[in-house]
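Shown next: work20.cif, containing mmCIF, C-alpha atoms.
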data_input
#
loop_
_atom_site.group_PDB
_atom_site.id
_atom_site.type_symbol
_atom_site.label_atom_id
_atom_site.label_comp_id
_atom_site.auth_asym_id
_atom_site.auth_seq_id
_atom_site.Cartn_x
_atom_site.Cartn_y
_atom_site.Cartn_z
ATOM 1 C CA THR F 1067 157.266 112.054 27.391
ATOM 2 C CA LEU F 1068 156.000 108.746 26.059
ATOM 3 C CA VAL F 1069 154.398 107.388 29.250
ATOM 4 C CA ASP F 1070 153.253 110.276 31.460
ATOM 5 C CA HIS F 1071 152.645 112.798 28.687
ATOM 6 C CA LEU F 1072 151.479 111.059 25.520
ATOM 7 C CA HIS F 1073 149.844 107.851 26.700
ATOM 8 C CA LEU F 1074 148.592 108.879 30.134
ATOM 9 C CA ALA F 1075 147.648 112.536 29.712
ATOM 10 C CA HIS F 1076 146.743 112.722 26.025
ATOM 11 C CA PHE F 1077 145.274 109.283 25.360
ATOM 12 C CA ARG F 1078 144.267 107.738 28.679
ATOM 13 C CA ALA F 1079 142.739 110.901 30.168
ATOM 14 C CA ALA F 1080 141.953 113.555 27.555
ATOM 15 C CA ASN F 1081 141.004 111.271 24.674
ATOM 16 C CA LEU F 1082 138.859 108.907 26.719
ATOM 17 C CA LEU F 1083 137.061 111.724 28.545
ATOM 18 C CA SER F 1084 136.452 113.642 25.306
ATOM 19 C CA ARG F 1085 134.946 110.627 23.615
ATOM 20 C CA ALA F 1086 132.872 109.577 26.601
ATOM 21 C CA VAL F 1087 131.146 112.927 27.149
ATOM 22 C CA ARG F 1088 130.457 113.459 23.444
ATOM 23 C CA GLU F 1089 129.308 109.954 22.660
ATOM 24 C CA ALA F 1090 127.313 109.312 25.823
ATOM 25 C CA LEU F 1091 125.933 112.622 27.087
ATOM 26 C CA ASP F 1092 123.229 114.763 25.521
ATOM 27 C CA PRO F 1093 124.443 118.232 24.389
ATOM 28 C CA GLU F 1094 122.264 119.927 27.042
ATOM 29 C CA PHE F 1095 123.292 117.583 29.870
ATOM 30 C CA PRO F 1096 124.990 119.602 32.664
ATOM 31 C CA ILE F 1097 128.010 117.324 33.110
ATOM 32 C CA ARG F 1098 128.737 117.502 29.381
ATOM 33 C CA ARG F 1099 128.715 121.301 29.513
ATOM 34 C CA LEU F 1100 131.139 121.261 32.426
ATOM 35 C CA ALA F 1101 133.376 118.630 30.829
ATOM 36 C CA SER F 1102 133.552 120.628 27.593
ATOM 37 C CA ILE F 1103 135.839 123.078 29.418
ATOM 38 C CA PHE F 1104 138.292 120.273 30.140
ATOM 39 C CA THR F 1105 138.109 118.564 26.725
ATOM 40 C CA PHE F 1106 138.305 121.556 24.373
ATOM 41 C CA GLY F 1107 140.666 120.830 21.477
ATOM 42 C CA SER F 1108 141.675 117.384 22.757
ATOM 43 C CA ILE F 1109 140.223 115.430 19.841
ATOM 44 C CA PHE F 1110 141.966 117.705 17.340
ATOM 45 C CA VAL F 1111 145.402 117.533 18.953
ATOM 46 C CA ASN F 1112 145.196 113.793 19.627
ATOM 47 C CA LEU F 1113 144.266 113.094 16.022
ATOM 48 C CA GLN F 1114 147.507 114.809 15.063
ATOM 49 C CA ALA F 1115 149.389 113.011 17.830
ATOM 50 C CA MET F 1116 148.207 109.630 16.536
ATOM 51 C CA HIS F 1117 150.184 110.292 13.375
ATOM 52 C CA THR F 1118 153.160 112.369 14.489
ATOM 53 C CA LEU F 1119 153.842 110.758 17.875
ATOM 54 C CA ALA F 1120 152.381 107.247 17.839
ATOM 55 C CA GLY F 1121 152.483 106.257 14.177
ATOM 56 C CA PRO F 1122 155.338 104.203 12.675
ATOM 57 C CA ASN F 1123 157.980 106.159 10.736
ATOM 58 C CA HIS F 1124 156.552 109.497 11.840
ATOM 59 C CA LEU F 1125 158.308 112.241 13.836
ATOM 60 C CA LEU F 1126 158.642 110.629 17.269
ATOM 61 C CA HIS F 1127 159.592 107.245 15.802
ATOM 62 C CA ARG F 1128 162.332 108.821 13.678
ATOM 63 C CA ALA F 1129 163.583 110.859 16.644
ATOM 64 C CA THR F 1130 164.012 107.831 18.917
ATOM 65 C CA PRO F 1131 166.404 104.857 18.747
ATOM 66 C CA PHE F 1132 163.732 102.164 19.031
ATOM 67 C CA LYS F 1133 163.614 99.639 16.188
ATOM 68 C CA GLU F 1134 160.312 98.087 17.287
ATOM 69 C CA PHE F 1135 158.521 101.357 17.967
ATOM 70 C CA THR F 1136 155.026 100.010 17.299
ATOM 71 C CA LYS F 1137 155.418 97.512 20.142
ATOM 72 C CA LEU F 1138 155.902 100.421 22.550
ATOM 73 C CA SER F 1139 152.549 101.855 21.497
ATOM 74 C CA SER F 1140 150.916 98.600 22.586
ATOM 75 C CA VAL F 1141 152.979 97.757 25.659
ATOM 76 C CA VAL F 1142 153.023 101.168 27.377
ATOM 77 C CA PRO F 1143 149.252 101.686 27.827
ATOM 78 C CA SER F 1144 148.446 98.047 28.601
ATOM 79 C CA GLY F 1145 147.429 97.309 32.163
ATOM 80 C CA ASP F 1146 149.258 93.994 31.914
ATOM 81 C CA SER F 1147 152.597 95.789 31.555
ATOM 82 C CA GLY F 1148 152.164 97.565 34.887
ATOM 83 C CA ILE F 1149 153.626 100.767 33.439
ATOM 84 C CA ILE F 1150 150.406 102.802 33.780
ATOM 85 C CA THR F 1151 147.894 102.005 36.517
ATOM 86 C CA ASP F 1152 144.322 103.247 36.753
ATOM 87 C CA ILE F 1153 144.181 107.056 36.905
ATOM 88 C CA THR F 1154 143.011 107.168 40.530
ATOM 89 C CA ASP F 1155 145.618 104.571 41.493
ATOM 90 C CA LEU F 1156 148.695 106.392 40.193
ATOM 91 C CA PRO F 1157 150.996 106.944 43.202
ATOM 92 C CA ALA F 1158 151.446 110.654 42.470
ATOM 93 C CA ILE F 1159 147.702 111.187 42.001
ATOM 94 C CA LYS F 1160 146.814 109.175 45.112
ATOM 95 C CA ALA F 1161 149.210 111.266 47.184
ATOM 96 C CA LEU F 1162 147.371 114.408 46.105
ATOM 97 C CA MET F 1163 143.856 113.034 46.520
ATOM 98 C CA VAL F 1164 144.073 110.742 49.553
ATOM 99 C CA ASP F 1165 145.103 112.181 52.918
ATOM 100 C CA GLN F 1166 146.592 108.897 54.150
ATOM 101 C CA GLU F 1167 148.797 108.668 51.051
ATOM 102 C CA TRP F 1168 149.843 112.301 51.433
ATOM 103 C CA GLU F 1169 151.030 111.619 54.962
ATOM 104 C CA LYS F 1170 153.252 108.807 53.683
ATOM 105 C CA LEU F 1171 155.285 111.224 51.547
ATOM 106 C CA HIS F 1172 158.740 112.255 52.702
ATOM 107 C CA PRO F 1173 158.757 115.850 54.030
ATOM 108 C CA LYS F 1174 161.013 116.893 51.134
ATOM 109 C CA LEU F 1175 158.479 115.596 48.622
ATOM 110 C CA LYS F 1176 155.675 117.473 50.366
ATOM 111 C CA GLU F 1177 157.652 120.654 49.764
ATOM 112 C CA ALA F 1178 158.279 119.885 46.080
ATOM 113 C CA PRO F 1179 156.198 122.155 43.779
ATOM 114 C CA PHE F 1180 154.407 119.264 42.081
ATOM 115 C CA PHE F 1181 153.049 117.927 45.358
ATOM 116 C CA ALA F 1182 152.751 121.145 47.379
ATOM 117 C CA ASP F 1183 151.088 123.193 44.630
ATOM 118 C CA GLY F 1184 149.344 120.221 43.036
ATOM 119 C CA ARG F 1185 147.554 119.506 46.304
ATOM 120 C CA LEU F 1186 146.094 123.023 46.215
ATOM 121 C CA LEU F 1187 144.816 122.462 42.691
ATOM 122 C CA VAL F 1188 143.344 119.037 43.468
ATOM 123 C CA GLY F 1189 141.639 120.556 46.504
ATOM 124 C CA ALA F 1190 140.003 123.184 44.290
ATOM 125 C CA PHE F 1191 138.817 120.523 41.847
ATOM 126 C CA ARG F 1192 137.401 118.434 44.675
ATOM 127 C CA LYS F 1193 135.530 121.448 46.060
ATOM 128 C CA LEU F 1194 134.221 122.178 42.548
ATOM 129 C CA MET F 1195 132.941 118.638 42.073
ATOM 130 C CA ASP F 1196 131.414 118.501 45.563
ATOM 131 C CA SER F 1197 129.371 121.587 44.688
ATOM 132 C CA ILE F 1198 128.442 120.246 41.244
ATOM 133 C CA PHE F 1199 127.353 116.890 42.644
ATOM 134 C CA ALA F 1200 125.375 118.585 45.401
ATOM 135 C CA VAL F 1201 123.025 120.029 42.771
ATOM 136 C CA SER F 1202 123.402 117.402 40.020
ATOM 137 C CA TRP F 1203 123.496 113.985 41.648
ATOM 138 C CA GLU F 1204 119.911 113.468 42.743
ATOM 139 C CA GLY F 1205 117.477 113.647 39.853
ATOM 140 C CA THR F 1206 120.032 114.473 37.146
ATOM 141 C CA MET F 1207 122.748 111.840 37.456
ATOM 142 C CA CYS F 1208 120.908 109.493 39.797
ATOM 143 C CA SER F 1209 117.208 108.941 39.030
ATOM 144 C CA ALA F 1210 114.468 109.076 41.646
ATOM 145 C CA ASN F 1211 114.158 105.276 41.603
ATOM 146 C CA GLY F 1212 117.805 104.875 42.649
ATOM 147 C CA THR F 1213 119.228 103.908 39.253
ATOM 148 C CA TYR F 1214 121.594 105.887 37.068
ATOM 149 C CA SER F 1215 120.081 108.284 34.551
ATOM 150 C CA LEU F 1216 120.291 107.274 30.893
ATOM 151 C CA ASN F 1217 123.125 109.731 30.289
ATOM 152 C CA MET F 1218 125.203 108.358 33.133
ATOM 153 C CA LYS F 1219 124.534 104.748 32.126
ATOM 154 C CA ARG F 1220 125.824 105.538 28.645
ATOM 155 C CA MET F 1221 128.870 107.348 30.021
ATOM 156 C CA ARG F 1222 129.799 104.405 32.236
ATOM 157 C CA THR F 1223 129.410 102.055 29.277
ATOM 158 C CA VAL F 1224 131.627 104.124 26.976
ATOM 159 C CA ILE F 1225 134.414 104.572 29.542
ATOM 160 C CA PHE F 1226 134.375 100.857 30.344
ATOM 161 C CA LYS F 1227 134.262 99.790 26.694
ATOM 162 C CA GLU F 1228 137.110 102.089 25.669
ATOM 163 C CA SER F 1229 139.185 101.097 28.697
ATOM 164 C CA ARG F 1230 138.805 97.397 27.932
ATOM 165 C CA GLU F 1231 139.554 97.817 24.229
ATOM 166 C CA ALA F 1232 142.735 99.741 25.046
ATOM 167 C CA HIS F 1233 143.636 97.185 27.777
ATOM 168 C CA TYR F 1234 143.815 99.972 30.365
ATOM 169 C CA ALA F 1235 144.217 99.015 34.003
ATOM 170 C CA LEU F 1236 141.201 99.546 36.272
ATOM 171 C CA THR F 1237 141.029 99.277 40.042
ATOM 172 C CA PRO F 1238 138.574 96.599 41.279
ATOM 173 C CA GLU F 1239 136.312 99.378 42.539
ATOM 174 C CA ALA F 1240 136.350 101.187 39.186
ATOM 175 C CA TYR F 1241 135.830 97.923 37.295
ATOM 176 C CA GLU F 1242 132.772 97.128 39.374
ATOM 177 C CA TRP F 1243 131.331 100.606 38.911
ATOM 178 C CA LEU F 1244 132.086 101.028 35.198
ATOM 179 C CA SER F 1245 131.049 97.509 34.208
ATOM 180 C CA ALA F 1246 127.560 98.254 35.581
ATOM 181 C CA LYS F 1247 127.724 95.379 38.050
ATOM 182 C CA VAL F 1248 126.333 97.877 40.531
ATOM 183 C CA GLU F 1249 123.053 99.294 39.204
ATOM 184 C CA SER F 1250 122.095 101.346 42.240
ATOM 185 C CA CYS F 1251 123.447 104.874 42.476
ATOM 186 C CA ASN F 1252 122.255 105.265 46.062
ATOM 187 C CA THR F 1253 125.279 103.514 47.530
ATOM 188 C CA GLY F 1254 127.887 105.658 49.226
ATOM 189 C CA ASN F 1255 130.636 104.454 46.898
ATOM 190 C CA ALA F 1256 128.840 105.288 43.653
ATOM 191 C CA LYS F 1257 128.924 109.034 44.136
ATOM 192 C CA ARG F 1258 132.478 109.060 45.466
ATOM 193 C CA VAL F 1259 133.879 106.846 42.683
ATOM 194 C CA MET F 1260 132.397 109.085 40.004
ATOM 195 C CA ALA F 1261 133.511 112.306 41.694
ATOM 196 C CA ASP F 1262 137.054 111.021 42.312
ATOM 197 C CA ARG F 1263 137.352 109.914 38.711
ATOM 198 C CA LEU F 1264 136.333 113.315 37.369
ATOM 199 C CA VAL F 1265 138.704 115.086 39.784
ATOM 200 C CA ALA F 1266 141.537 112.861 38.529
ATOM 201 C CA TYR F 1267 140.619 113.508 34.887
ATOM 202 C CA PHE F 1268 140.442 117.270 35.417
ATOM 203 C CA PHE F 1269 143.777 117.390 37.246
ATOM 204 C CA ILE F 1270 145.558 115.245 34.648
ATOM 205 C CA VAL F 1271 144.442 117.398 31.703
ATOM 206 C CA THR F 1272 145.455 120.610 33.497
ATOM 207 C CA GLY F 1273 148.175 120.549 36.175
ATOM 208 C CA TRP F 1274 149.619 117.123 35.373
ATOM 209 C CA HIS F 1275 149.790 117.888 31.641
ATOM 210 C CA ARG F 1276 151.565 121.156 32.298
ATOM 211 C CA HIS F 1277 154.058 119.380 34.560
ATOM 212 C CA VAL F 1278 154.950 116.534 32.181
ATOM 213 C CA GLY F 1279 154.402 118.318 28.868
ATOM 214 C CA PHE F 1280 156.293 121.568 29.304
ATOM 215 C CA VAL F 1281 159.728 120.207 28.416
ATOM 216 C CA GLY F 1282 160.727 122.277 25.389
ATOM 217 C CA ASP F 1283 163.532 124.123 27.205
ATOM 218 C CA TYR F 1284 165.262 120.841 27.991
ATOM 219 C CA TYR F 1285 165.534 119.976 24.309
ATOM 220 C CA ALA F 1286 166.980 123.367 23.398
ATOM 221 C CA ASP F 1287 170.410 121.948 24.232
ATOM 222 C CA PRO F 1288 171.278 118.556 22.647
ATOM 223 C CA GLU F 1289 173.923 118.048 25.343
ATOM 224 C CA LEU F 1290 171.305 118.334 28.102
ATOM 225 C CA ALA F 1291 168.427 116.203 26.835
ATOM 226 C CA THR F 1292 167.682 114.448 23.589
ATOM 227 C CA MET F 1293 165.647 111.553 22.210
ATOM 228 C CA SER F 1294 168.444 109.586 20.563
ATOM 229 C CA TRP F 1295 172.192 109.372 20.954
ATOM 230 C CA LYS F 1296 175.193 107.240 20.041
ATOM 231 C CA ASP F 1297 177.451 105.506 22.552
ATOM 232 C CA GLY F 1298 180.506 107.629 23.289
ATOM 233 C CA GLU F 1299 178.999 110.920 22.118
ATOM 234 C CA LYS F 1300 177.970 113.585 24.647
ATOM 235 C CA PHE F 1301 175.270 115.083 22.444
ATOM 236 C CA GLY F 1302 172.191 113.920 20.609
ATOM 237 C CA ARG F 1303 172.350 112.848 17.001
ATOM 238 C CA PRO F 1304 171.782 116.013 14.883
ATOM 239 C CA ARG F 1305 169.012 114.716 12.613
ATOM 240 C CA GLN F 1306 167.031 113.143 15.446
ATOM 241 C CA HIS F 1307 167.418 116.219 17.642
ATOM 242 C CA ILE F 1308 166.176 118.562 14.907
ATOM 243 C CA ILE F 1309 163.085 116.347 14.564
ATOM 244 C CA THR F 1310 162.541 116.641 18.331
ATOM 245 C CA THR F 1311 162.642 120.444 18.153
ATOM 246 C CA ILE F 1312 159.992 120.345 15.416
ATOM 247 C CA ILE F 1313 157.723 118.356 17.737
ATOM 248 C CA ASN F 1314 158.199 120.988 20.449
ATOM 249 C CA VAL F 1315 157.142 123.814 18.138
ATOM 250 C CA PHE F 1316 154.122 121.803 17.030
ATOM 251 C CA THR F 1317 152.975 121.377 20.644
ATOM 252 C CA SER F 1318 153.534 124.950 21.873
ATOM 253 C CA THR F 1319 150.439 126.841 20.757
ATOM 254 C CA HIS F 1320 148.505 129.137 23.117
ATOM 255 C CA GLN F 1321 145.203 127.719 24.406
ATOM 256 C CA PRO F 1322 142.380 128.941 26.722
ATOM 257 C CA LEU F 1323 143.288 129.233 30.390
ATOM 258 C CA LEU F 1324 141.526 127.394 33.201
ATOM 259 C CA LYS F 1325 140.770 130.624 35.055
ATOM 260 C CA GLU F 1326 138.618 132.130 32.296
ATOM 261 C CA ASP F 1327 134.887 132.803 32.607
ATOM 262 C CA TYR F 1328 133.024 129.903 31.018
ATOM 263 C CA THR F 1329 129.646 130.593 32.618
ATOM 264 C CA HIS F 1330 128.008 131.095 29.189
ATOM 265 C CA LEU F 1331 128.344 127.335 28.694
ATOM 266 C CA PHE F 1332 125.802 126.764 31.424
ATOM 267 C CA ASP F 1333 122.943 128.471 29.577
ATOM 268 C CA GLY F 1334 120.228 126.222 28.120
ATOM 269 C CA MET F 1335 121.056 123.081 30.079
ATOM 270 C CA LYS F 1336 118.472 120.355 30.702
ATOM 271 C CA PRO F 1337 117.624 120.289 33.522
ATOM 272 C CA ASP F 1338 118.192 124.008 33.960
ATOM 273 C CA LEU F 1339 120.936 124.216 36.572
ATOM 274 C CA GLY F 1340 122.520 127.282 35.021
ATOM 275 C CA LYS F 1341 122.223 129.468 38.101
ATOM 276 C CA GLU F 1342 123.797 126.843 40.346
ATOM 277 C CA TYR F 1343 126.590 125.982 37.900
ATOM 278 C CA LYS F 1344 127.452 129.630 37.267
ATOM 279 C CA SER F 1345 127.671 130.322 40.979
ATOM 280 C CA THR F 1346 129.850 127.249 41.480
ATOM 281 C CA TRP F 1347 132.220 128.212 38.656
ATOM 282 C CA LYS F 1348 132.608 131.739 40.038
ATOM 283 C CA MET F 1349 133.553 130.269 43.403
ATOM 284 C CA PHE F 1350 136.034 128.014 41.629
ATOM 285 C CA LEU F 1351 137.601 131.071 39.966
ATOM 286 C CA LYS F 1352 138.031 132.673 43.396
ATOM 287 C CA ASP F 1353 139.757 129.516 44.594
ATOM 288 C CA LEU F 1354 142.080 129.682 41.582
ATOM 289 C CA ASP F 1355 142.926 133.300 42.372
ATOM 290 C CA GLU F 1356 143.886 132.271 45.898
ATOM 291 C CA ILE F 1357 145.987 129.393 44.584
ATOM 292 C CA GLU F 1358 147.814 131.707 42.177
ATOM 293 C CA ALA F 1359 148.551 134.156 45.003
ATOM 294 C CA GLU F 1360 149.777 131.371 47.291
ATOM 295 C CA ILE F 1361 152.075 129.934 44.612
ATOM 296 C CA ASN F 1362 153.464 133.434 44.026
ATOM 297 C CA ARG F 1363 154.229 133.698 47.747
ATOM 298 C CA ARG F 1364 155.901 130.287 47.730
ATOM 299 C CA ASN F 1365 157.998 131.170 44.697
ATOM 300 C CA MET F 1366 159.396 134.198 46.502
ATOM 301 C CA LYS F 1367 161.042 131.744 48.920
ATOM 302 C CA ARG F 1368 162.061 129.122 46.344
ATOM 303 C CA GLU F 1369 165.528 128.955 44.885
ATOM 304 C CA ILE F 1370 164.044 127.731 41.598
ATOM 305 C CA LEU F 1371 160.689 129.228 40.583
ATOM 306 C CA ASN F 1372 157.930 126.827 39.531
ATOM 307 C CA ILE F 1373 154.595 127.936 38.081
ATOM 308 C CA ASN F 1374 153.469 124.656 36.517
ATOM 309 C CA MET F 1375 150.473 124.427 38.854
ATOM 310 C CA SER F 1376 149.698 128.131 38.817
ATOM 311 C CA PRO F 1377 146.409 129.306 37.259
ATOM 312 C CA LEU F 1378 148.519 132.127 35.843
ATOM 313 C CA ILE F 1379 149.528 129.816 32.969
ATOM 314 C CA LEU F 1380 147.381 126.712 33.496
ATOM 315 C CA GLU F 1381 145.309 125.757 30.460
ATOM 316 C CA SER F 1382 141.833 124.258 30.785
ATOM 317 C CA ALA F 1383 142.389 121.217 28.591
ATOM 318 C CA ILE F 1384 144.898 119.233 26.565
ATOM 319 C CA SER F 1385 144.721 121.185 23.320
ATOM 320 C CA LYS F 1386 148.362 120.956 22.287
#
Written as C-alpha cells, how would this file's structure read?
Amino acid sequence: TLVDHLHLAHFRAANLLSRAVREALDPEFPIRRLASIFTFGSIFVNLQAMHTLAGPNHLLHRATPFKEFTKLSSVVPSGDSGIITDITDLPAIKALMVDQEWEKLHPKLKEAPFFADGRLLVGAFRKLMDSIFAVSWEGTMCSANGTYSLNMKRMRTVIFKESREAHYALTPEAYEWLSAKVESCNTGNAKRVMADRLVAYFFIVTGWHRHVGFVGDYYADPELATMSWKDGEKFGRPRQHIITTIINVFTSTHQPLLKEDYTHLFDGMKPDLGKEYKSTWKMFLKDLDEIEAEINRRNMKREILNINMSPLILESAISK
C-alpha cells in the first residue's frame, strides 16, 4: 500500500506525469491531449492523499504503528534507499515490457494473472504508442533540424527536475535523456526511451494501480489484514482498523473507464493530427475489446477469477 500504491503509482507515476504534461506542454499539443486521458483527476486525488496518507498525524499515520512516520515518506521514494527503482527498471514492469526478461520468469509466474493479463495490456499500450509516434515524432516531437521541439524540451526538463527534487532513481539511459545531455532526437534510442517511458506510465496508472490499489476486501476482516496490531493478538487494533476502513471508502469512487471513447479530445490540436489520433484510439479500443474477451476466456479456466487487468473495470487514470 505504501510503496507500490501510494508512492509509486500515485506520486511517482500519476503525479509526475500530470505535472509534466500540464506545465510543459501547450494545451493544443497532441501528446498533452493523449496524456489527459491518463492523468484525469490525479492532481485532485493526490492533493487529498498528501494530507490523509502522507501527512503526519493524519489517517494513514494514525492507522499504522510507526512512530517516525515522516521518515518513511522520505525514505520510501528515495533512489538511495533502493526500495523503488526507475519506472522502466522495476522487475515486474521489465518482465512485461522486455521479451528477454519475460523469458526469465518461472512458468508459474507467466500463468499468474498479473503477468499473463498484464502482458496483453502492455502490448496494447505499446501498439498505441507506436502508432502515435509514427504520426507525431517527426515534425511534432522532433523538429526538422533534428532537435526536440520546444514542448518536448520543456517536458524533459520538468520530468528531470521533479525526479531530482524527489530523489527518484533514474536508469543511466533515462538520466542521459532527461538531463538533456543528448540534444539530438534523431538517435535510435531517443524515440524508444520516450515511448517506453510513456508505456510504463500508462500501464502503472491503469493496470498496475488496479492491481495494487484494489485491496478493500482484505481490510473488511481485521483478522485477515490490518495496518496495526499488538503482539499476541490475532486481530487488528479496533481504532486503527476503523481508520483503515475510512481510507478504503475514501478511495473507492467510480471513475471513467479506459475503454471509453475519448476521440473528442483530439479536436483542435496543433498540429492537426485529429484524424490520425482518432483512428489510432479506435484501434486501441478494439484491442481492449479483444483483451477483455481473452481474460474472460482465461477466467473460465481459473480456480480464482481475476479481472484486475480487464478493460471491463479498468479505469483510465489514478483518480481515486
For the structure shown, which residues end up in the PyMOL selection byres ((chain F and resi 1229) around 10)? Put them as a list of chain:residue names, please?
-> F:Arg1078, F:Leu1082, F:Ser1144, F:Gly1145, F:Asp1152, F:Thr1223, F:Val1224, F:Ile1225, F:Phe1226, F:Lys1227, F:Glu1228, F:Arg1230, F:Glu1231, F:Ala1232, F:His1233, F:Tyr1234, F:Ala1235, F:Leu1236, F:Tyr1241, F:Leu1244
Using all atoms listed in the file: which of F:Arg1303, F:Lys1174, F:Lys1325, F:Arg1368 has the shortest distance to F:Thr1272 |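 Smallest separation from F:Thr1272 among the options: F:Lys1325.
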Which residue, F:Lys1176, F:Arg1098, F:Lys1137, F:Arg1185, has the smallest gap to F:Met1375 when you use all atoms listed in the file?
->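 So, comparing all the options, the nearest one is F:Arg1185.
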Between F:Phe1199, F:Phe1110, F:Trp1168, F:Phe1191, which is the closest to F:Glu1342 once you count all atoms listed in the file?
-> F:Phe1199
In Å, with one decimal, what is the gap from atom CA of F:Val1248 to atom CA of F:Tyr1214?
->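 According to the coordinates, atom CA of F:Val1248 and atom CA of F:Tyr1214 are separated by 9.9 Å.
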Quick one: apply the PyMOL selection byres ((chain F and resi 1291) around 12) to the file and drop the selected residues here as a list in words.
-> Thr1067, Val1281, Gly1282, Asp1283, Tyr1284, Tyr1285, Ala1286, Asp1287, Pro1288, Glu1289, Leu1290, Thr1292, Met1293, Ser1294, Trp1295, Lys1300, Phe1301, Gly1302, Arg1303, Gln1306, His1307, Thr1310 and Thr1311 of chain F
For the residues selected in the previous step, produce a file with C-alpha atoms as a PDB file, in the frame of the given file.
ATOM      1  CA  THR F1067     157.266 112.054  27.391  1.00  0.00           C
ATOM      2  CA  VAL F1281     159.728 120.207  28.416  1.00  0.00           C
ATOM      3  CA  GLY F1282     160.727 122.277  25.389  1.00  0.00           C
ATOM      4  CA  ASP F1283     163.532 124.123  27.205  1.00  0.00           C
ATOM      5  CA  TYR F1284     165.262 120.841  27.991  1.00  0.00           C
ATOM      6  CA  TYR F1285     165.534 119.976  24.309  1.00  0.00           C
ATOM      7  CA  ALA F1286     166.980 123.367  23.398  1.00  0.00           C
ATOM      8  CA  ASP F1287     170.410 121.948  24.232  1.00  0.00           C
ATOM      9  CA  PRO F1288     171.278 118.556  22.647  1.00  0.00           C
ATOM     10  CA  GLU F1289     173.923 118.048  25.343  1.00  0.00           C
ATOM     11  CA  LEU F1290     171.305 118.334  28.102  1.00  0.00           C
ATOM     12  CA  THR F1292     167.682 114.448  23.589  1.00  0.00           C
ATOM     13  CA  MET F1293     165.647 111.553  22.210  1.00  0.00           C
ATOM     14  CA  SER F1294     168.444 109.586  20.563  1.00  0.00           C
ATOM     15  CA  TRP F1295     172.192 109.372  20.954  1.00  0.00           C
ATOM     16  CA  LYS F1300     177.970 113.585  24.647  1.00  0.00           C
ATOM     17  CA  PHE F1301     175.270 115.083  22.444  1.00  0.00           C
ATOM     18  CA  GLY F1302     172.191 113.920  20.609  1.00  0.00           C
ATOM     19  CA  ARG F1303     172.350 112.848  17.001  1.00  0.00           C
ATOM     20  CA  GLN F1306     167.031 113.143  15.446  1.00  0.00           C
ATOM     21  CA  HIS F1307     167.418 116.219  17.642  1.00  0.00           C
ATOM     22  CA  THR F1310     162.541 116.641  18.331  1.00  0.00           C
ATOM     23  CA  THR F1311     162.642 120.444  18.153  1.00  0.00           C
TER      24      THR F1311
END
Mind telling me what the PyMOL selection byres ((chain F and resi 1087) around 12) catches here, as a PyMOL selection string?
-> chain F and resi 1080-1086+1088-1106+1109+1217-1225+1264
Could you take the residues named above and write them with C-alpha atoms, as a PDB file, keeping the file's coordinate frame?
ATOM      1  CA  ALA F1080     141.953 113.555  27.555  1.00  0.00           C
ATOM      2  CA  ASN F1081     141.004 111.271  24.674  1.00  0.00           C
ATOM      3  CA  LEU F1082     138.859 108.907  26.719  1.00  0.00           C
ATOM      4  CA  LEU F1083     137.061 111.724  28.545  1.00  0.00           C
ATOM      5  CA  SER F1084     136.452 113.642  25.306  1.00  0.00           C
ATOM      6  CA  ARG F1085     134.946 110.627  23.615  1.00  0.00           C
ATOM      7  CA  ALA F1086     132.872 109.577  26.601  1.00  0.00           C
ATOM      8  CA  ARG F1088     130.457 113.459  23.444  1.00  0.00           C
ATOM      9  CA  GLU F1089     129.308 109.954  22.660  1.00  0.00           C
ATOM     10  CA  ALA F1090     127.313 109.312  25.823  1.00  0.00           C
ATOM     11  CA  LEU F1091     125.933 112.622  27.087  1.00  0.00           C
ATOM     12  CA  ASP F1092     123.229 114.763  25.521  1.00  0.00           C
ATOM     13  CA  PRO F1093     124.443 118.232  24.389  1.00  0.00           C
ATOM     14  CA  GLU F1094     122.264 119.927  27.042  1.00  0.00           C
ATOM     15  CA  PHE F1095     123.292 117.583  29.870  1.00  0.00           C
ATOM     16  CA  PRO F1096     124.990 119.602  32.664  1.00  0.00           C
ATOM     17  CA  ILE F1097     128.010 117.324  33.110  1.00  0.00           C
ATOM     18  CA  ARG F1098     128.737 117.502  29.381  1.00  0.00           C
ATOM     19  CA  ARG F1099     128.715 121.301  29.513  1.00  0.00           C
ATOM     20  CA  LEU F1100     131.139 121.261  32.426  1.00  0.00           C
ATOM     21  CA  ALA F1101     133.376 118.630  30.829  1.00  0.00           C
ATOM     22  CA  SER F1102     133.552 120.628  27.593  1.00  0.00           C
ATOM     23  CA  ILE F1103     135.839 123.078  29.418  1.00  0.00           C
ATOM     24  CA  PHE F1104     138.292 120.273  30.140  1.00  0.00           C
ATOM     25  CA  THR F1105     138.109 118.564  26.725  1.00  0.00           C
ATOM     26  CA  PHE F1106     138.305 121.556  24.373  1.00  0.00           C
ATOM     27  CA  ILE F1109     140.223 115.430  19.841  1.00  0.00           C
ATOM     28  CA  ASN F1217     123.125 109.731  30.289  1.00  0.00           C
ATOM     29  CA  MET F1218     125.203 108.358  33.133  1.00  0.00           C
ATOM     30  CA  LYS F1219     124.534 104.748  32.126  1.00  0.00           C
ATOM     31  CA  ARG F1220     125.824 105.538  28.645  1.00  0.00           C
ATOM     32  CA  MET F1221     128.870 107.348  30.021  1.00  0.00           C
ATOM     33  CA  ARG F1222     129.799 104.405  32.236  1.00  0.00           C
ATOM     34  CA  THR F1223     129.410 102.055  29.277  1.00  0.00           C
ATOM     35  CA  VAL F1224     131.627 104.124  26.976  1.00  0.00           C
ATOM     36  CA  ILE F1225     134.414 104.572  29.542  1.00  0.00           C
ATOM     37  CA  LEU F1264     136.333 113.315  37.369  1.00  0.00           C
TER      38      LEU F1264
END
Any idea what's packed within 8 Å of F:Tyr1328, counting only C-alpha atoms, ignoring anything in its chain fewer than 3 positions away? Could you give it as a VMD selection string?
-> chain F and resid 1103 1331 to 1332 1347
Find the residues near F:His1172: any atom within 12 Å, counting all atoms listed in the file, skip ones fewer than 6 places away on the same chain, and give them as a list in words.
->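 Returned residues: Ala1161, Ala1178, Phe1181 and Ala1182 of chain F.
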In Å, rounded to a single decimal, give me how far atom CA of F:Thr1346 is from atom CA of F:Arg1364.
->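 Separation of atom CA of F:Arg1364 and atom CA of F:Thr1346: 27.0 Å.
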Nearest to F:Lys1352, chosen from F:Lys1133, F:Lys1193, F:Lys1296, F:Lys1257, with only C-alpha atoms counted in the distances =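 Among the listed residues, the smallest separation from F:Lys1352 belongs to F:Lys1193.
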